[in-house]
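Reproduced below: protein_39.txt, with compact mmCIF, C-alpha atoms.
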# COMPACT_ATOMS: atom_id res chain seq x y z
CA MET A 1217 81.85 84.38 -27.22
CA LYS A 1218 79.06 85.42 -24.87
CA LEU A 1219 77.68 88.91 -25.52
CA LYS A 1220 78.27 90.00 -21.92
CA THR A 1221 81.93 89.01 -22.11
CA LEU A 1222 82.39 90.79 -25.43
CA ILE A 1223 80.82 93.97 -24.04
CA ILE A 1224 83.11 93.91 -21.00
CA ILE A 1225 86.22 93.42 -23.15
CA THR A 1226 85.13 96.17 -25.55
CA MET A 1227 84.70 98.60 -22.66
CA LEU A 1228 88.10 97.71 -21.24
CA LEU A 1229 89.80 98.21 -24.60
CA LEU A 1230 88.14 101.60 -25.00
CA VAL A 1231 88.86 102.78 -21.48
CA MET A 1232 92.52 101.81 -21.78
CA GLY A 1233 93.06 103.54 -25.10
CA CYS A 1234 94.00 100.37 -26.95
CA ASP A 1235 92.51 101.46 -30.26
CA ASN A 1236 96.01 102.09 -31.62
CA PHE A 1237 97.72 99.23 -29.82
CA TYR A 1238 99.66 96.92 -32.11
CA MET A 1239 99.73 93.47 -30.49
CA ILE A 1240 97.07 90.92 -31.33
CA CYS A 1241 95.28 89.69 -28.20
CA SER A 1242 93.75 86.26 -27.67
CA LEU A 1243 91.21 85.04 -25.13
CA ASN A 1244 92.94 81.64 -25.04
CA PRO A 1245 96.59 80.68 -24.57
CA TYR A 1246 98.72 80.38 -27.70
CA TYR A 1247 100.28 77.19 -26.36
CA LEU A 1248 99.37 73.62 -25.45
CA LYS A 1249 100.56 72.10 -22.18
CA LYS A 1250 102.62 69.51 -24.03
CA SER A 1251 104.56 72.31 -25.77
CA ILE A 1252 105.64 74.13 -22.60
CA ILE A 1253 109.38 74.21 -21.93
CA LEU A 1254 111.80 75.78 -19.46
CA SER A 1255 114.77 77.84 -20.58
CA PRO A 1256 117.11 78.95 -17.78
CA GLU A 1257 118.85 81.27 -20.28
CA ILE A 1258 116.08 83.84 -19.96
CA GLU A 1259 116.43 84.17 -16.19
CA GLY A 1260 118.24 87.21 -14.82
CA SER A 1261 118.11 90.98 -15.21
CA TRP A 1262 117.79 92.67 -18.59
CA PHE A 1263 117.71 96.19 -19.99
CA ALA A 1264 115.00 96.77 -22.60
CA LYS A 1265 115.30 98.89 -25.73
CA PRO A 1266 112.51 99.27 -28.34
CA VAL A 1267 113.13 98.36 -31.98
CA ASN A 1268 111.24 100.39 -34.59
CA ALA A 1269 109.42 98.60 -37.39
CA LYS A 1270 110.32 99.26 -41.00
CA LYS A 1271 108.01 100.97 -43.46
CA ASP A 1272 107.35 97.77 -45.39
CA SER A 1273 105.78 95.96 -42.43
CA CYS A 1274 102.10 95.02 -42.25
CA THR A 1275 101.28 98.58 -41.27
CA SER A 1276 101.89 101.57 -43.50
CA SER A 1277 104.44 103.31 -41.29
CA PRO A 1278 106.55 102.71 -38.19
CA SER A 1279 105.09 103.82 -34.89
CA GLN A 1280 106.28 104.58 -31.39
CA ILE A 1281 103.94 102.46 -29.25
CA TRP A 1282 105.86 101.79 -26.09
CA SER A 1283 105.22 103.53 -22.80
CA LEU A 1284 108.28 104.67 -20.89
CA THR A 1285 107.45 102.05 -18.28
CA ASP A 1286 108.03 99.36 -20.90
CA THR A 1287 111.33 100.70 -22.23
CA THR A 1288 113.07 102.39 -19.31
CA SER A 1289 112.75 99.43 -17.01
CA THR A 1290 114.94 96.63 -15.83
CA TRP A 1291 113.31 93.29 -16.65
CA ARG A 1292 113.90 90.70 -13.94
CA ILE A 1293 112.84 87.25 -15.06
CA ARG A 1294 112.63 84.35 -12.61
CA ARG A 1295 110.97 80.95 -12.59
CA TYR A 1296 107.90 80.98 -10.36
CA PHE A 1297 107.81 78.95 -7.17
CA TYR A 1298 104.46 78.38 -5.50
CA LYS A 1299 104.67 78.89 -1.75
CA THR A 1300 102.57 76.83 0.66
CA VAL A 1301 102.53 76.84 4.45
CA VAL A 1302 101.32 73.75 6.29
CA LYS A 1303 101.36 72.62 9.89
CA ASP A 1304 103.75 69.85 10.86
CA LYS A 1305 103.01 67.20 13.48
CA LYS A 1306 104.07 69.57 16.25
CA GLY A 1307 101.74 72.29 15.01
CA LYS A 1308 104.52 74.47 13.66
CA ASP A 1309 104.33 76.16 10.30
CA SER A 1310 106.33 74.48 7.55
CA THR A 1311 106.97 76.31 4.29
CA THR A 1312 107.45 74.50 1.00
CA PHE A 1313 108.15 75.86 -2.48
CA LYS A 1314 106.93 74.08 -5.59
CA PRO A 1315 108.47 75.10 -8.94
CA GLU A 1316 105.96 75.91 -11.67
CA ASN A 1317 106.48 75.62 -15.43
CA TYR A 1318 106.41 79.35 -16.09
CA TYR A 1319 108.28 82.54 -15.32
CA ILE A 1320 107.47 85.90 -13.80
CA ALA A 1321 108.87 88.93 -15.60
CA LYS A 1322 109.00 91.91 -13.26
CA LEU A 1323 109.57 95.33 -14.80
CA LEU A 1324 111.21 97.76 -12.38
CA GLN A 1325 111.24 101.47 -13.05
CA GLN A 1326 114.70 103.02 -12.90
CA THR A 1327 113.35 106.34 -11.65
CA ASP A 1328 111.18 105.13 -8.78
CA SER A 1329 110.05 102.02 -6.94
CA GLU A 1330 107.02 101.20 -9.14
CA SER A 1331 106.87 97.85 -10.88
CA TYR A 1332 104.51 95.50 -12.66
CA GLN A 1333 104.67 91.86 -13.63
CA PHE A 1334 103.81 89.34 -16.32
CA LYS A 1335 103.36 85.61 -16.28
CA VAL A 1336 105.50 84.26 -19.12
CA VAL A 1337 104.94 80.76 -20.47
CA LEU A 1338 107.64 79.51 -22.84
CA PHE A 1339 106.84 76.93 -25.48
CA ARG A 1340 108.19 75.51 -28.71
CA VAL A 1341 106.46 74.98 -32.01
CA ASN A 1342 108.73 73.27 -34.52
CA LYS A 1343 112.11 74.87 -33.80
CA GLY A 1344 110.70 78.26 -32.82
CA LEU A 1345 110.80 79.53 -29.24
CA TYR A 1346 107.73 81.54 -28.20
CA ALA A 1347 106.40 83.26 -25.12
CA ASP A 1348 102.81 83.74 -24.02
CA PHE A 1349 102.47 86.93 -21.93
CA ILE A 1350 99.68 87.49 -19.38
CA PRO A 1351 99.55 90.40 -16.89
CA TYR A 1352 100.29 89.01 -13.45
CA ALA A 1353 99.89 91.99 -11.12
CA LYS A 1354 97.30 94.42 -12.45
CA GLU A 1355 97.56 97.31 -9.99
CA GLU A 1356 99.97 99.14 -12.34
CA LEU A 1357 97.92 98.22 -15.39
CA PHE A 1358 97.33 101.69 -16.83
CA LYS A 1359 101.04 102.53 -16.96
CA SER A 1360 102.01 99.85 -19.48
CA LYS A 1361 101.00 99.43 -23.11
CA LEU A 1362 101.91 95.75 -22.92
CA ALA A 1363 99.79 95.28 -19.80
CA SER A 1364 96.81 97.34 -20.91
CA GLY A 1365 96.57 95.39 -24.15
CA SER A 1366 96.50 92.14 -22.22
CA TYR A 1367 93.92 92.89 -19.52
CA PHE A 1368 91.05 90.49 -18.69
CA GLU A 1369 93.39 87.49 -18.79
CA VAL A 1370 94.03 87.80 -22.50
CA HIS A 1371 97.25 86.66 -24.09
CA THR A 1372 99.86 88.16 -26.40
CA LEU A 1373 102.38 86.13 -28.40
CA ALA A 1374 106.08 86.90 -28.75
CA ARG A 1375 108.79 85.11 -30.69
CA ILE A 1376 112.04 84.85 -28.70
CA THR A 1377 115.54 84.85 -30.14
CA LEU A 1378 118.43 84.26 -27.75
CA ALA A 1379 122.02 85.08 -28.68
CA GLY A 1380 124.53 85.27 -25.86
CA SER A 1381 123.77 88.31 -23.71
CA LYS A 1382 121.00 89.48 -26.06
CA MET A 1383 117.34 88.51 -26.20
CA ASP A 1384 114.96 89.66 -28.94
CA LEU A 1385 111.22 89.78 -28.27
CA SER A 1386 108.92 90.27 -31.25
CA TRP A 1387 105.15 90.30 -30.67
CA LEU A 1388 102.69 89.13 -33.30
CA GLY A 1389 101.07 92.32 -34.56
CA ALA A 1390 97.35 93.02 -34.84
CA ASP A 1391 97.72 94.39 -38.37
CA CYS A 1392 99.75 91.38 -39.47
CA MET A 1393 97.06 89.06 -38.09
CA LYS A 1394 94.32 91.16 -39.68
CA GLU A 1395 96.02 90.88 -43.07
CA MET A 1396 96.33 87.10 -42.82
CA ILE A 1397 92.66 86.77 -41.87
CA GLU A 1398 91.40 89.12 -44.59
CA LYS A 1399 93.46 87.37 -47.27
CA LYS A 1400 92.22 84.00 -45.97
CA ARG A 1401 95.74 82.78 -45.30
CA VAL A 1402 94.60 81.60 -41.90
CA ARG A 1403 91.19 80.58 -40.61
CA VAL A 1404 90.77 81.13 -36.88
CA ASN A 1405 87.85 82.32 -34.82
CA TYR A 1406 87.93 85.98 -33.85
CA GLN A 1407 85.77 88.91 -32.83
CA TRP A 1408 85.94 92.27 -34.55
CA VAL A 1409 85.65 94.98 -31.89
CA LYS A 1410 84.11 97.75 -33.96
CA GLU A 1411 84.52 100.48 -31.35
CA THR A 1412 88.29 100.04 -31.25
CA GLY A 1413 88.85 98.78 -34.77
CA ARG A 1414 90.65 95.71 -33.47
CA PHE A 1415 90.60 91.98 -33.87
CA LEU A 1416 90.34 89.87 -30.73
CA LEU A 1417 91.15 86.21 -31.25
CA SER A 1418 88.70 83.70 -29.76
CA ALA A 1419 90.22 80.59 -31.36
CA SER A 1420 91.11 77.55 -29.28
CA SER A 1421 94.68 76.90 -28.18
CA ASN A 1422 94.76 73.96 -30.61
CA ASP A 1423 93.90 76.23 -33.53
CA LEU A 1424 96.35 78.92 -32.43
CA THR A 1425 99.16 76.39 -32.12
CA ALA A 1426 98.32 75.01 -35.57
CA MET A 1427 98.52 78.55 -36.96
CA ILE A 1428 101.96 79.07 -35.44
CA ASP A 1429 103.05 75.66 -36.72
CA HIS A 1430 102.00 76.55 -40.26
CA TYR A 1431 103.07 80.20 -40.50
CA GLY A 1432 105.51 80.87 -37.65
CA ASP A 1433 108.63 80.09 -39.67
CA GLN A 1434 107.48 81.65 -42.94
CA PRO A 1435 108.72 85.28 -43.15
CA ARG A 1436 106.48 86.03 -46.14
CA PHE A 1437 103.50 85.61 -43.80
CA ILE A 1438 104.93 86.52 -40.38
CA ASN A 1439 108.16 88.49 -40.52
CA TRP A 1440 109.22 88.48 -36.89
CA GLU A 1441 112.05 90.90 -37.60
CA ASN A 1442 109.58 93.50 -38.81
CA GLN A 1443 106.69 93.50 -36.35
CA GLN A 1444 105.45 96.75 -34.86
CA ALA A 1445 106.13 95.70 -31.27
CA ARG A 1446 109.70 94.59 -30.66
CA LEU A 1447 112.14 94.85 -27.79
CA LYS A 1448 115.82 94.07 -27.65
CA LEU A 1449 116.94 93.03 -24.16
CA THR A 1450 120.55 93.16 -23.02
CA ARG A 1451 121.61 91.08 -20.03
CA LEU A 1452 122.72 93.00 -16.96
CA ASN A 1453 123.72 89.94 -14.92

As structure tokens, the full file:
Amino acid sequence: MKLKTLIIITMLLLVMGCDNFYMICSLNPYYLKKSIILSPEIEGSWFAKPVNAKKDSCTSSPSQIWSLTDTTSTWRIRRYFYKTVVKDKKGKDSTTFKPENYYIAKLLQQTDSESYQFKVVLFRVNKGLYADFIPYAKEELFKSKLASGSYFEVHTLARITLAGSKMDLSWLGADCMKEMIEKKRVRVNYQWVKETGRFLLSASSNDLTAMIDHYGDQPRFINWENQQARLKLTRLN
């Protein structure tokens, strides 16, 4: 990674108070284009509720990490359609909509009209369903832990479990990733941001996908039911 880029990211992490943020961030997507899928089941409106980690997780104790904007919001998830306006032969505007292979998750506050959004790319590795989250509209950046940890077009990884009207989101934790790296269970490129005490992954998407392929379904290495950042979503419609 170029020194200038690293300095910028370090400053952003410090300014946004991410030194005790629990999701591992990556400069590159966790997915490959060939792994992207669509899942209409995730579309709709959802109510989010945080799930506390147990004491035997990668970190020493459970923590409350979510901002109220992350947990007292209605999540509205829709597939993204790219809008274009072109002139027809008569010079009139003609609007077309092209469906893209990703979703927009919009978090709406229940107490006011504020909202913020994430680009969500779904993909499969083996039989696991995963989501790559990237902040989409950054004007409300400072009000969300999830957004602030993902600034500068960095990515966070969540495992998705769907069961009827319930959806479980479990993000790969920074401490869990740190443990795997330190114990040499996984070899991926990363940067250690000394000022924040955090790892920042700089591995390629190929290497990240290989890591998920190897460890994603092994609870002794990545226990998705016991990560520090988890949300349980309940369908509203």

Query raised in the report: Between A:Glu1316, A:Glu1395, A:Asp1429, A:Glu1441, which is the closest to Tyr1247 (chain A) once you count only C-alpha atoms?
Result: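 Of the candidates, the smallest distance to Tyr1247 (chain A) is held by A:Asp1429.
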
Query raised in the report: In Å to one decimal, how far is CA of Ser1420 (chain A) from CA of Asn1405 (chain A)?
Result: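 Going from CA of Asn1405 (chain A) over to CA of Ser1420 (chain A), I get 8.0 Å.
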
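With all atoms listed in the file taken into account, the protein and nucleic acid residues at most 6 Å from Phe1313 (chain A) (excluding it and anything under 2 positions from it in its own chain) are Phe1297, Tyr1298 and Lys1299 of chain A.
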
Requested in this report: Provide the CA of Trp1440 (chain A) to CA of Trp1387 (chain A) distance in Å, to one decimal place.
Outcome: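 Interatomic distance, CA of Trp1440 (chain A) to CA of Trp1387 (chain A): 7.7 Å.
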
Report task. Can you work out which one of A:Met1239, A:Val1337, A:Ile1376, A:Val1409 has the shortest atom-to-atom distance to Tyr1319 (chain A), counting only C-alpha atoms? Result ->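 Among the listed residues, A:Val1337 lies closest to Tyr1319 (chain A).
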
Query raised in the report: Which is closest to Trp1262 (chain A) among A:Met1383, A:Val1341, A:Val1404, A:Val1370, if we use all atoms listed in the file?
Result: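 With all atoms listed in the file as the atom set, the closest residue is A:Met1383.
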